[in-house]
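Participant: final_21.json is reproduced in full below (JSON, C-alpha atoms).
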[["chain", "number", "residue", "atom", "x", "y", "z"],
["V", 1, "MET", "CA", 16.14, -35.81, -42.13],
["V", 2, "LYS", "CA", 13.51, -38.37, -41.07],
["V", 3, "MET", "CA", 15.74, -39.54, -38.27],
["V", 4, "ASP", "CA", 16.14, -35.97, -37.06],
["V", 5, "LYS", "CA", 12.35, -35.48, -36.97],
["V", 6, "ARG", "CA", 11.88, -38.76, -35.16],
["V", 7, "ASN", "CA", 14.57, -37.83, -32.61],
["V", 8, "ARG", "CA", 12.94, -34.48, -32.00],
["V", 9, "THR", "CA", 9.56, -36.15, -31.53],
["V", 10, "ASP", "CA", 11.04, -38.68, -29.10],
["V", 11, "LEU", "CA", 12.77, -35.85, -27.22],
["V", 12, "LYS", "CA", 9.52, -33.90, -26.86],
["V", 13, "TRP", "CA", 7.71, -37.01, -25.67],
["V", 14, "TYR", "CA", 10.47, -37.76, -23.16],
["V", 15, "SER", "CA", 10.49, -34.14, -21.92],
["V", 16, "ALA", "CA", 6.71, -34.13, -21.46],
["V", 17, "ARG", "CA", 6.87, -37.43, -19.62],
["V", 18, "SER", "CA", 9.69, -36.16, -17.39],
["V", 19, "LEU", "CA", 7.77, -32.98, -16.63],
["V", 20, "LYS", "CA", 4.63, -34.96, -15.74],
["V", 21, "LYS", "CA", 6.69, -37.20, -13.47],
["V", 22, "GLU", "CA", 8.32, -34.16, -11.85],
["V", 23, "VAL", "CA", 4.93, -32.55, -11.15],
["V", 24, "ARG", "CA", 3.50, -35.74, -9.68],
["V", 25, "GLY", "CA", 6.53, -36.26, -7.46],
["V", 26, "ASN", "CA", 6.56, -32.71, -6.12],
["V", 27, "TYR", "CA", 2.90, -31.73, -6.40],
["V", 28, "GLN", "CA", 2.97, -30.14, -2.90],
["V", 29, "LEU", "CA", 5.55, -27.60, -4.05],
["V", 30, "TYR", "CA", 3.59, -26.79, -7.19],
["V", 31, "LEU", "CA", 0.41, -26.32, -5.14],
["V", 32, "MET", "CA", 2.30, -23.89, -2.90],
["V", 33, "ILE", "CA", 3.54, -21.82, -5.84],
["V", 34, "ALA", "CA", 0.18, -21.86, -7.66],
["V", 35, "PRO", "CA", -1.62, -19.08, -5.64],
["V", 36, "PRO", "CA", 1.11, -16.42, -6.04],
["V", 37, "LEU", "CA", 1.54, -17.41, -9.69],
["V", 38, "VAL", "CA", -2.20, -17.00, -10.33],
["V", 39, "TRP", "CA", -2.15, -13.67, -8.45],
["V", 40, "LEU", "CA", 0.81, -12.51, -10.58],
["V", 41, "VAL", "CA", -0.95, -13.38, -13.83],
["V", 42, "ILE", "CA", -4.31, -11.84, -12.84],
["V", 43, "PHE", "CA", -3.06, -8.60, -11.30],
["V", 44, "MET", "CA", 0.19, -8.00, -13.22],
["V", 45, "TYR", "CA", -0.14, -9.46, -16.71],
["V", 46, "VAL", "CA", -3.87, -9.33, -17.48],
["V", 47, "PRO", "CA", -4.08, -5.55, -16.74],
["V", 48, "MET", "CA", -1.34, -4.98, -19.34],
["V", 49, "TYR", "CA", -4.12, -5.20, -21.92],
["V", 50, "GLY", "CA", -5.20, -1.74, -20.73],
["V", 51, "VAL", "CA", -1.80, -0.18, -21.50],
["V", 52, "GLN", "CA", -3.07, 0.55, -25.00],
["V", 53, "ILE", "CA", -5.24, 3.29, -23.46],
["V", 54, "ALA", "CA", -2.11, 5.45, -23.48],
["V", 55, "PHE", "CA", -2.17, 5.32, -27.30],
["V", 56, "LYS", "CA", -5.90, 5.86, -27.74],
["V", 57, "ASN", "CA", -8.53, 8.55, -27.27],
["V", 58, "PHE", "CA", -10.19, 6.42, -24.63],
["V", 59, "ARG", "CA", -13.89, 6.82, -23.97],
["V", 60, "ALA", "CA", -15.62, 4.62, -21.42],
["V", 61, "VAL", "CA", -18.70, 4.23, -23.61],
["V", 62, "ASP", "CA", -16.57, 2.86, -26.48],
["V", 63, "GLY", "CA", -14.39, 0.63, -24.31],
["V", 64, "ILE", "CA", -10.70, -0.04, -24.83],
["V", 65, "GLY", "CA", -11.10, -1.89, -28.11],
["V", 66, "GLY", "CA", -13.59, 0.57, -29.60],
["V", 67, "SER", "CA", -11.69, 3.79, -28.85],
["V", 68, "GLU", "CA", -9.80, 5.51, -31.65],
["V", 69, "TRP", "CA", -6.01, 5.35, -31.86],
["V", 70, "ALA", "CA", -4.18, 8.57, -30.97],
["V", 71, "GLY", "CA", -0.56, 7.51, -31.42],
["V", 72, "LEU", "CA", 1.92, 9.39, -29.25],
["V", 73, "LYS", "CA", -0.39, 12.36, -28.76],
["V", 74, "TYR", "CA", -0.56, 12.14, -24.96],
["V", 75, "PHE", "CA", 3.15, 11.50, -24.53],
["V", 76, "GLU", "CA", 3.85, 14.66, -26.52],
["V", 77, "LYS", "CA", 1.29, 16.52, -24.43],
["V", 78, "PHE", "CA", 3.12, 15.57, -21.22],
["V", 79, "PHE", "CA", 6.57, 16.42, -22.57],
["V", 80, "ARG", "CA", 5.34, 19.81, -23.77],
["V", 81, "SER", "CA", 3.58, 20.74, -20.52],
["V", 82, "TYR", "CA", 5.38, 23.43, -18.56],
["V", 83, "ASP", "CA", 5.65, 21.40, -15.34],
["V", 84, "SER", "CA", 6.62, 17.99, -16.77],
["V", 85, "LEU", "CA", 10.36, 18.49, -16.28],
["V", 86, "GLN", "CA", 9.90, 19.65, -12.68],
["V", 87, "ILE", "CA", 7.67, 16.67, -11.90],
["V", 88, "VAL", "CA", 10.26, 14.22, -13.27],
["V", 89, "LEU", "CA", 13.08, 15.96, -11.38],
["V", 90, "ASN", "CA", 11.04, 15.90, -8.16],
["V", 91, "THR", "CA", 10.44, 12.18, -8.59],
["V", 92, "LEU", "CA", 14.12, 11.44, -9.24],
["V", 93, "GLU", "CA", 15.20, 13.58, -6.30],
["V", 94, "VAL", "CA", 12.89, 11.95, -3.77],
["V", 95, "CYS", "CA", 13.51, 8.41, -5.02],
["V", 96, "PHE", "CA", 17.30, 8.52, -5.30],
["V", 97, "TYR", "CA", 17.63, 10.47, -2.06],
["V", 98, "THR", "CA", 15.70, 7.73, -0.25],
["V", 99, "LEU", "CA", 17.60, 4.92, -1.99],
["V", 100, "LEU", "CA", 21.14, 6.26, -1.67],
["V", 101, "ALA", "CA", 20.71, 7.48, 1.91],
["V", 102, "GLY", "CA", 18.90, 4.41, 3.19],
["V", 103, "PHE", "CA", 20.54, 1.49, 1.40],
["V", 104, "PRO", "CA", 23.99, 1.78, 3.06],
["V", 105, "LEU", "CA", 22.34, 2.27, 6.47],
["V", 106, "PHE", "CA", 20.35, -0.95, 6.12],
["V", 107, "VAL", "CA", 23.53, -2.90, 5.35],
["V", 108, "LEU", "CA", 25.42, -1.17, 8.18],
["V", 109, "LEU", "CA", 22.64, -1.94, 10.68],
["V", 110, "ALA", "CA", 22.75, -5.63, 9.73],
["V", 111, "LEU", "CA", 26.55, -5.75, 10.07],
["V", 112, "LEU", "CA", 26.51, -4.07, 13.47],
["V", 113, "LEU", "CA", 23.74, -6.30, 14.83],
["V", 114, "ASN", "CA", 25.56, -9.38, 13.57],
["V", 115, "ASN", "CA", 28.78, -8.39, 15.36],
["V", 116, "THR", "CA", 27.40, -7.49, 18.76],
["V", 117, "ASN", "CA", 27.81, -10.03, 21.57],
["V", 118, "ARG", "CA", 25.01, -8.64, 23.73],
["V", 119, "ASN", "CA", 21.99, -10.70, 22.78],
["V", 120, "ARG", "CA", 19.55, -8.66, 24.86],
["V", 121, "PHE", "CA", 20.75, -5.41, 23.28],
["V", 122, "ARG", "CA", 20.58, -6.96, 19.78],
["V", 123, "ARG", "CA", 17.01, -8.15, 20.32],
["V", 124, "TRP", "CA", 15.99, -4.74, 21.67],
["V", 125, "VAL", "CA", 17.50, -2.93, 18.65],
["V", 126, "GLN", "CA", 15.91, -5.35, 16.21],
["V", 127, "MET", "CA", 12.51, -4.94, 17.83],
["V", 128, "SER", "CA", 12.72, -1.14, 18.04],
["V", 129, "THR", "CA", 13.84, -0.77, 14.41],
["V", 130, "PHE", "CA", 11.39, -3.34, 13.05],
["V", 131, "ALA", "CA", 8.29, -2.08, 14.89],
["V", 132, "PRO", "CA", 7.85, 1.19, 12.90],
["V", 133, "TYR", "CA", 7.34, -0.86, 9.74],
["V", 134, "PHE", "CA", 3.89, -1.87, 11.03],
["V", 135, "ILE", "CA", 2.76, 1.69, 11.72],
["V", 136, "SER", "CA", 0.13, 2.95, 9.31],
["V", 137, "VAL", "CA", 1.35, 5.52, 6.79],
["V", 138, "THR", "CA", -1.45, 7.84, 7.85],
["V", 139, "VAL", "CA", -0.26, 7.61, 11.46],
["V", 140, "VAL", "CA", 3.36, 8.23, 10.40],
["V", 141, "VAL", "CA", 2.39, 11.41, 8.52],
["V", 142, "GLY", "CA", 0.38, 12.54, 11.54],
["V", 143, "MET", "CA", 3.43, 11.96, 13.74],
["V", 144, "LEU", "CA", 5.56, 14.00, 11.35],
["V", 145, "VAL", "CA", 3.08, 16.88, 11.47],
["V", 146, "GLN", "CA", 3.14, 16.79, 15.28],
["V", 147, "PHE", "CA", 6.90, 16.36, 15.77],
["V", 148, "LEU", "CA", 7.86, 18.95, 13.14],
["V", 149, "SER", "CA", 5.27, 21.54, 14.13],
["V", 150, "VAL", "CA", 6.38, 25.06, 15.09],
["V", 151, "GLN", "CA", 3.91, 24.99, 17.98],
["V", 152, "ASP", "CA", 4.90, 24.14, 21.54],
["V", 153, "TYR", "CA", 4.33, 20.42, 21.01],
["V", 154, "GLY", "CA", 6.78, 20.23, 18.07],
["V", 155, "ILE", "CA", 9.68, 18.23, 19.57],
["V", 156, "ILE", "CA", 12.19, 18.98, 16.81],
["V", 157, "ASN", "CA", 11.58, 22.73, 16.84],
["V", 158, "ASN", "CA", 11.71, 22.77, 20.65],
["V", 159, "ILE", "CA", 15.19, 21.26, 20.44],
["V", 160, "ILE", "CA", 16.16, 23.90, 17.86],
["V", 161, "ARG", "CA", 14.85, 26.64, 20.16],
["V", 162, "PHE", "CA", 16.76, 25.15, 23.10],
["V", 163, "PHE", "CA", 20.04, 25.60, 21.21],
["V", 164, "GLY", "CA", 19.15, 29.16, 20.21],
["V", 165, "GLY", "CA", 17.94, 28.53, 16.66],
["V", 166, "GLU", "CA", 14.86, 29.72, 14.83],
["V", 167, "PRO", "CA", 11.95, 27.29, 14.34],
["V", 168, "ILE", "CA", 11.69, 25.75, 10.86],
["V", 169, "MET", "CA", 8.39, 25.02, 9.14],
["V", 170, "PHE", "CA", 9.53, 21.64, 7.80],
["V", 171, "MET", "CA", 6.19, 20.56, 6.34],
["V", 172, "THR", "CA", 5.60, 23.75, 4.36],
["V", 173, "LYS", "CA", 9.13, 24.50, 3.15],
["V", 174, "PRO", "CA", 9.59, 22.94, -0.33],
["V", 175, "GLU", "CA", 13.35, 22.49, 0.18],
["V", 176, "TRP", "CA", 12.76, 20.27, 3.22],
["V", 177, "PHE", "CA", 10.25, 17.92, 1.62],
["V", 178, "SER", "CA", 12.71, 15.35, 0.21],
["V", 179, "SER", "CA", 14.66, 15.15, 3.48],
["V", 180, "VAL", "CA", 11.55, 14.71, 5.63],
["V", 181, "TYR", "CA", 10.17, 12.03, 3.32],
["V", 182, "ALA", "CA", 13.46, 10.15, 2.90],
["V", 183, "TRP", "CA", 14.54, 10.02, 6.54],
["V", 184, "SER", "CA", 11.08, 9.17, 7.83],
["V", 185, "ASN", "CA", 10.97, 6.39, 5.24],
["V", 186, "ILE", "CA", 14.39, 5.13, 6.35],
["V", 187, "TRP", "CA", 13.31, 5.17, 10.00],
["V", 188, "GLN", "CA", 10.18, 3.21, 9.15],
["V", 189, "GLY", "CA", 11.87, 0.56, 6.99],
["V", 190, "ALA", "CA", 15.34, 0.14, 8.51],
["V", 191, "GLY", "CA", 14.59, -2.96, 10.58],
["V", 192, "PHE", "CA", 12.59, -4.68, 7.85],
["V", 193, "ASN", "CA", 15.23, -4.15, 5.16],
["V", 194, "ALA", "CA", 18.07, -5.20, 7.47],
["V", 195, "ILE", "CA", 16.47, -8.63, 7.97],
["V", 196, "ILE", "CA", 17.51, -9.69, 4.45],
["V", 197, "TYR", "CA", 21.18, -9.03, 5.16],
["V", 198, "ILE", "CA", 21.02, -10.56, 8.64],
["V", 199, "ALA", "CA", 19.72, -13.75, 7.03],
["V", 200, "ALA", "CA", 22.53, -13.64, 4.46],
["V", 201, "LEU", "CA", 25.12, -13.17, 7.25],
["V", 202, "ALA", "CA", 23.78, -16.27, 9.00],
["V", 203, "GLY", "CA", 24.79, -18.34, 5.97],
["V", 204, "ILE", "CA", 28.49, -17.42, 6.09],
["V", 205, "ASP", "CA", 30.81, -20.31, 7.01],
["V", 206, "GLN", "CA", 31.72, -20.01, 10.71],
["V", 207, "GLU", "CA", 35.14, -21.50, 10.05],
["V", 208, "LEU", "CA", 36.12, -18.24, 8.38],
["V", 209, "TYR", "CA", 35.50, -16.38, 11.64],
["V", 210, "GLU", "CA", 37.43, -18.96, 13.63],
["V", 211, "ALA", "CA", 40.40, -18.69, 11.29],
["V", 212, "ALA", "CA", 40.24, -14.88, 11.47],
["V", 213, "VAL", "CA", 40.20, -14.97, 15.28],
["V", 214, "VAL", "CA", 43.24, -17.28, 15.29],
["V", 215, "ASP", "CA", 45.03, -14.81, 13.00],
["V", 216, "GLY", "CA", 44.22, -11.99, 15.42],
["V", 217, "ALA", "CA", 41.72, -10.12, 13.23],
["V", 218, "SER", "CA", 39.64, -7.54, 15.06],
["V", 219, "LYS", "CA", 35.84, -7.34, 14.77],
["V", 220, "PHE", "CA", 36.17, -4.48, 12.32],
["V", 221, "ARG", "CA", 38.55, -6.53, 10.14],
["V", 222, "ARG", "CA", 36.24, -9.53, 10.26],
["V", 223, "MET", "CA", 33.29, -7.36, 9.30],
["V", 224, "LEU", "CA", 35.27, -5.77, 6.47],
["V", 225, "HIS", "CA", 36.88, -8.89, 5.01],
["V", 226, "ILE", "CA", 34.37, -11.65, 5.83],
["V", 227, "ASP", "CA", 30.89, -10.21, 6.45],
["V", 228, "LEU", "CA", 30.82, -7.62, 3.69],
["V", 229, "PRO", "CA", 32.20, -9.86, 0.90],
["V", 230, "GLY", "CA", 29.95, -12.68, 2.11],
["V", 231, "ILE", "CA", 26.73, -10.69, 1.66],
["V", 232, "MET", "CA", 27.87, -8.67, -1.35],
["V", 233, "PRO", "CA", 25.95, -10.81, -3.91],
["V", 234, "THR", "CA", 22.77, -10.30, -1.86],
["V", 235, "VAL", "CA", 23.49, -6.56, -1.57],
["V", 236, "VAL", "CA", 24.00, -6.26, -5.32],
["V", 237, "ILE", "CA", 20.81, -8.15, -6.20],
["V", 238, "THR", "CA", 18.67, -6.18, -3.75],
["V", 239, "PHE", "CA", 20.19, -2.92, -4.99],
["V", 240, "ILE", "CA", 19.40, -3.80, -8.61],
["V", 241, "LEU", "CA", 15.81, -4.63, -7.65],
["V", 242, "ALA", "CA", 15.56, -1.38, -5.67],
["V", 243, "VAL", "CA", 16.83, 0.64, -8.64],
["V", 244, "GLY", "CA", 14.27, -1.08, -10.86],
["V", 245, "GLN", "CA", 11.48, 0.10, -8.54],
["V", 246, "VAL", "CA", 12.97, 3.49, -7.72],
["V", 247, "MET", "CA", 10.38, 5.51, -9.67],
["V", 248, "ASN", "CA", 7.41, 3.71, -8.12],
["V", 249, "LEU", "CA", 8.07, 5.32, -4.72],
["V", 250, "GLY", "CA", 6.16, 2.48, -3.05],
["V", 251, "PHE", "CA", 4.51, 4.97, -0.67],
["V", 252, "PHE", "CA", 2.25, 7.01, -2.95],
["V", 253, "ASP", "CA", -0.16, 7.54, -0.08],
["V", 254, "LYS", "CA", 2.60, 8.98, 2.09],
["V", 255, "ILE", "CA", 3.70, 11.45, -0.59],
["V", 256, "PHE", "CA", 0.09, 12.42, -1.20],
["V", 257, "LEU", "CA", -0.64, 12.94, 2.51],
["V", 258, "MET", "CA", 2.49, 15.05, 2.98],
["V", 259, "GLN", "CA", 1.57, 17.40, 0.13],
["V", 260, "ASN", "CA", 0.15, 20.86, 0.73],
["V", 261, "PRO", "CA", -0.14, 23.98, -1.45],
["V", 262, "LEU", "CA", 3.08, 25.44, 0.03],
["V", 263, "ASN", "CA", 5.40, 22.51, -0.76],
["V", 264, "LEU", "CA", 3.77, 21.41, -4.03],
["V", 265, "ASP", "CA", 6.68, 22.76, -6.11],
["V", 266, "ARG", "CA", 8.88, 19.95, -4.79],
["V", 267, "SER", "CA", 6.34, 17.36, -3.64],
["V", 268, "GLU", "CA", 4.46, 16.83, -6.91],
["V", 269, "VAL", "CA", 5.80, 13.53, -8.32],
["V", 270, "ILE", "CA", 4.71, 11.36, -11.23],
["V", 271, "SER", "CA", 2.52, 9.01, -9.19],
["V", 272, "THR", "CA", 0.53, 11.84, -7.56],
["V", 273, "TYR", "CA", 0.30, 13.66, -10.89],
["V", 274, "VAL", "CA", -1.14, 10.54, -12.55],
["V", 275, "TYR", "CA", -3.69, 10.18, -9.75],
["V", 276, "LYS", "CA", -4.78, 13.81, -10.00],
["V", 277, "THR", "CA", -5.12, 13.85, -13.80],
["V", 278, "GLY", "CA", -6.59, 10.38, -14.15],
["V", 279, "LEU", "CA", -8.91, 10.00, -11.15],
["V", 280, "ALA", "CA", -9.19, 13.09, -8.95],
["V", 281, "SER", "CA", -9.84, 15.60, -11.74],
["V", 282, "SER", "CA", -13.36, 16.84, -12.42],
["V", 283, "LEU", "CA", -12.66, 15.97, -16.08],
["V", 284, "PRO", "CA", -10.44, 12.88, -15.82],
["V", 285, "ASN", "CA", -8.22, 12.14, -18.81],
["V", 286, "TYR", "CA", -7.54, 8.43, -18.59],
["V", 287, "SER", "CA", -5.43, 8.27, -21.74],
["V", 288, "TYR", "CA", -3.17, 11.09, -20.58],
["V", 289, "ALA", "CA", -2.74, 9.54, -17.12],
["V", 290, "ALA", "CA", -1.99, 6.14, -18.67],
["V", 291, "ALA", "CA", 0.64, 7.70, -20.94],
["V", 292, "VAL", "CA", 2.40, 9.40, -18.02],
["V", 293, "GLY", "CA", 2.25, 6.19, -15.99],
["V", 294, "LEU", "CA", 3.71, 4.18, -18.88],
["V", 295, "PHE", "CA", 6.49, 6.73, -19.25],
["V", 296, "ASN", "CA", 7.26, 6.27, -15.55],
["V", 297, "THR", "CA", 7.41, 2.48, -16.02],
["V", 298, "MET", "CA", 9.78, 2.83, -18.99],
["V", 299, "ILE", "CA", 12.17, 4.89, -16.85],
["V", 300, "ASN", "CA", 12.10, 2.09, -14.27],
["V", 301, "LEU", "CA", 12.89, -0.47, -16.97],
["V", 302, "VAL", "CA", 15.84, 1.55, -18.32],
["V", 303, "LEU", "CA", 17.25, 2.04, -14.82],
["V", 304, "LEU", "CA", 16.91, -1.69, -14.09],
["V", 305, "LEU", "CA", 18.73, -2.66, -17.29],
["V", 306, "LEU", "CA", 21.51, -0.15, -16.64],
["V", 307, "ALA", "CA", 22.00, -1.24, -13.03],
["V", 308, "ASN", "CA", 22.07, -4.91, -14.03],
["V", 309, "ARG", "CA", 24.58, -4.28, -16.84],
["V", 310, "ILE", "CA", 26.89, -2.18, -14.67],
["V", 311, "SER", "CA", 26.75, -4.75, -11.87],
["V", 312, "ARG", "CA", 27.58, -7.60, -14.26],
["V", 313, "LYS", "CA", 30.63, -5.74, -15.57],
["V", 314, "VAL", "CA", 31.92, -4.42, -12.26],
["V", 315, "ASN", "CA", 31.02, -7.14, -9.77],
["V", 316, "GLN", "CA", 30.20, -10.17, -11.97],
["V", 317, "THR", "CA", 26.83, -10.41, -10.15],
["V", 318, "SER", "CA", 23.52, -9.73, -11.86],
["V", 319, "LEU", "CA", 19.91, -10.81, -12.16],
["V", 320, "TRP", "CA", 20.47, -12.33, -15.60]]
Can you present the structure in this file as structure tokens?
Facilitator:
Amino acid sequence: MKMDKRNRTDLKWYSARSLKKEVRGNYQLYLMIAPPLVWLVIFMYVPMYGVQIAFKNFRAVDGIGGSEWAGLKYFEKFFRSYDSLQIVLNTLEVCFYTLLAGFPLFVLLALLLNNTNRNRFRRWVQMSTFAPYFISVTVVVGMLVQFLSVQDYGIINNIIRFFGGEPIMFMTKPEWFSSVYAWSNIWQGAGFNAIIYIAALAGIDQELYEAAVVDGASKFRRMLHIDLPGIMPTVVITFILAVGQVMNLGFFDKIFLMQNPLNLDRSEVISTYVYKTGLASSLPNYSYAAAVGLFNTMINLVLLLLANRISRKVNQTSLW
């Protein structure tokens, strides 16, 4: 028993010494990773202390620690509200519509750009698809209002009129909200998201292409049997991460700016609901807003775990 304790002590001492030696030898790398690590701790982990507001009758004068516990009162309040189910369904519809419609297009864009021989055309497509990513969300929503207007300057409705159709009020029709949001989001992020897969395609062994050419494989065959399997682990990992963030929407400000009283039945999502009840209300209920936000995070966690488990069983690729 004494020998075991001594061995464990020696092992700890050796591990600490090895770690110190590793840090000294690669201190530049540790200095590089320090700022994002500090940012992660300060802005992601420290604020988790405030999650307990969701289980308390929070009052600013009492502070977080001094407020009384309320249990699951505010979760029950949300589940019993008449519009809670519609808000959750709206969120799922917008998020999964955007994810499932855009994700295959990002991969397809990367595959097509990788297989074109015209460098000038490839650079032009990359630039034109990447540029919208830098446009302000406020400007994008303004462009949508202009392009989808029923007035004479509405390009889309002018095209519909040209072919004999009736103008559509896209921004005020609730049934069109998810489509307008999703496809404008895809247009804005296509080039940026495709970069990940273009980088993964650059790492595929060129000898595979040479062997395929010798065997007479067409570009489509090479794309199907070399490119796609080669980037599949990257596709799976990015898809799992996207599913884990699917309920966050990422563009709260865009959803909020696109809302109006006529499309609110389909445009009210969890993030905007939390903002309105927790901050924008004349009588803000911080505990209620925190409970709804925590519920949203738990859905994200469940979706992430499910996607990772399914991927591990089906494709033997996962985050952990």
Participant: Just to confirm, what's the straight-line distance from atom CA of V:Ser67 to atom CA of V:Ala291 in Å (one decimal)?
Facilitator: 15.2 Å
Participant: I need the residue nearest V:Pro261 from this list: V:Leu241, V:Leu29, V:Met171, V:Met48. Use only C-alpha atoms for the distance.
Facilitator: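 For V:Pro261, the nearest of the given residues is V:Met171.
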Participant: Which one of V:Ser179, V:Ser271, V:Asn158, V:Gln316 sits closest to V:Val94 if you count all atoms listed in the file?
Facilitator: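 Answer, going by the shortest atom-to-atom distance: V:Ser179.
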Participant: In Å, with one decimal, what is the gap from atom CA of V:Leu108 to atom CA of V:Leu304?
Facilitator: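 Those two atoms sit 23.8 Å apart.
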Participant: Distance atom CA of V:Phe58-atom CA of V:Thr277, one decimal place?
Facilitator: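 Going from atom CA of V:Phe58 over to atom CA of V:Thr277 covers 14.1 Å.
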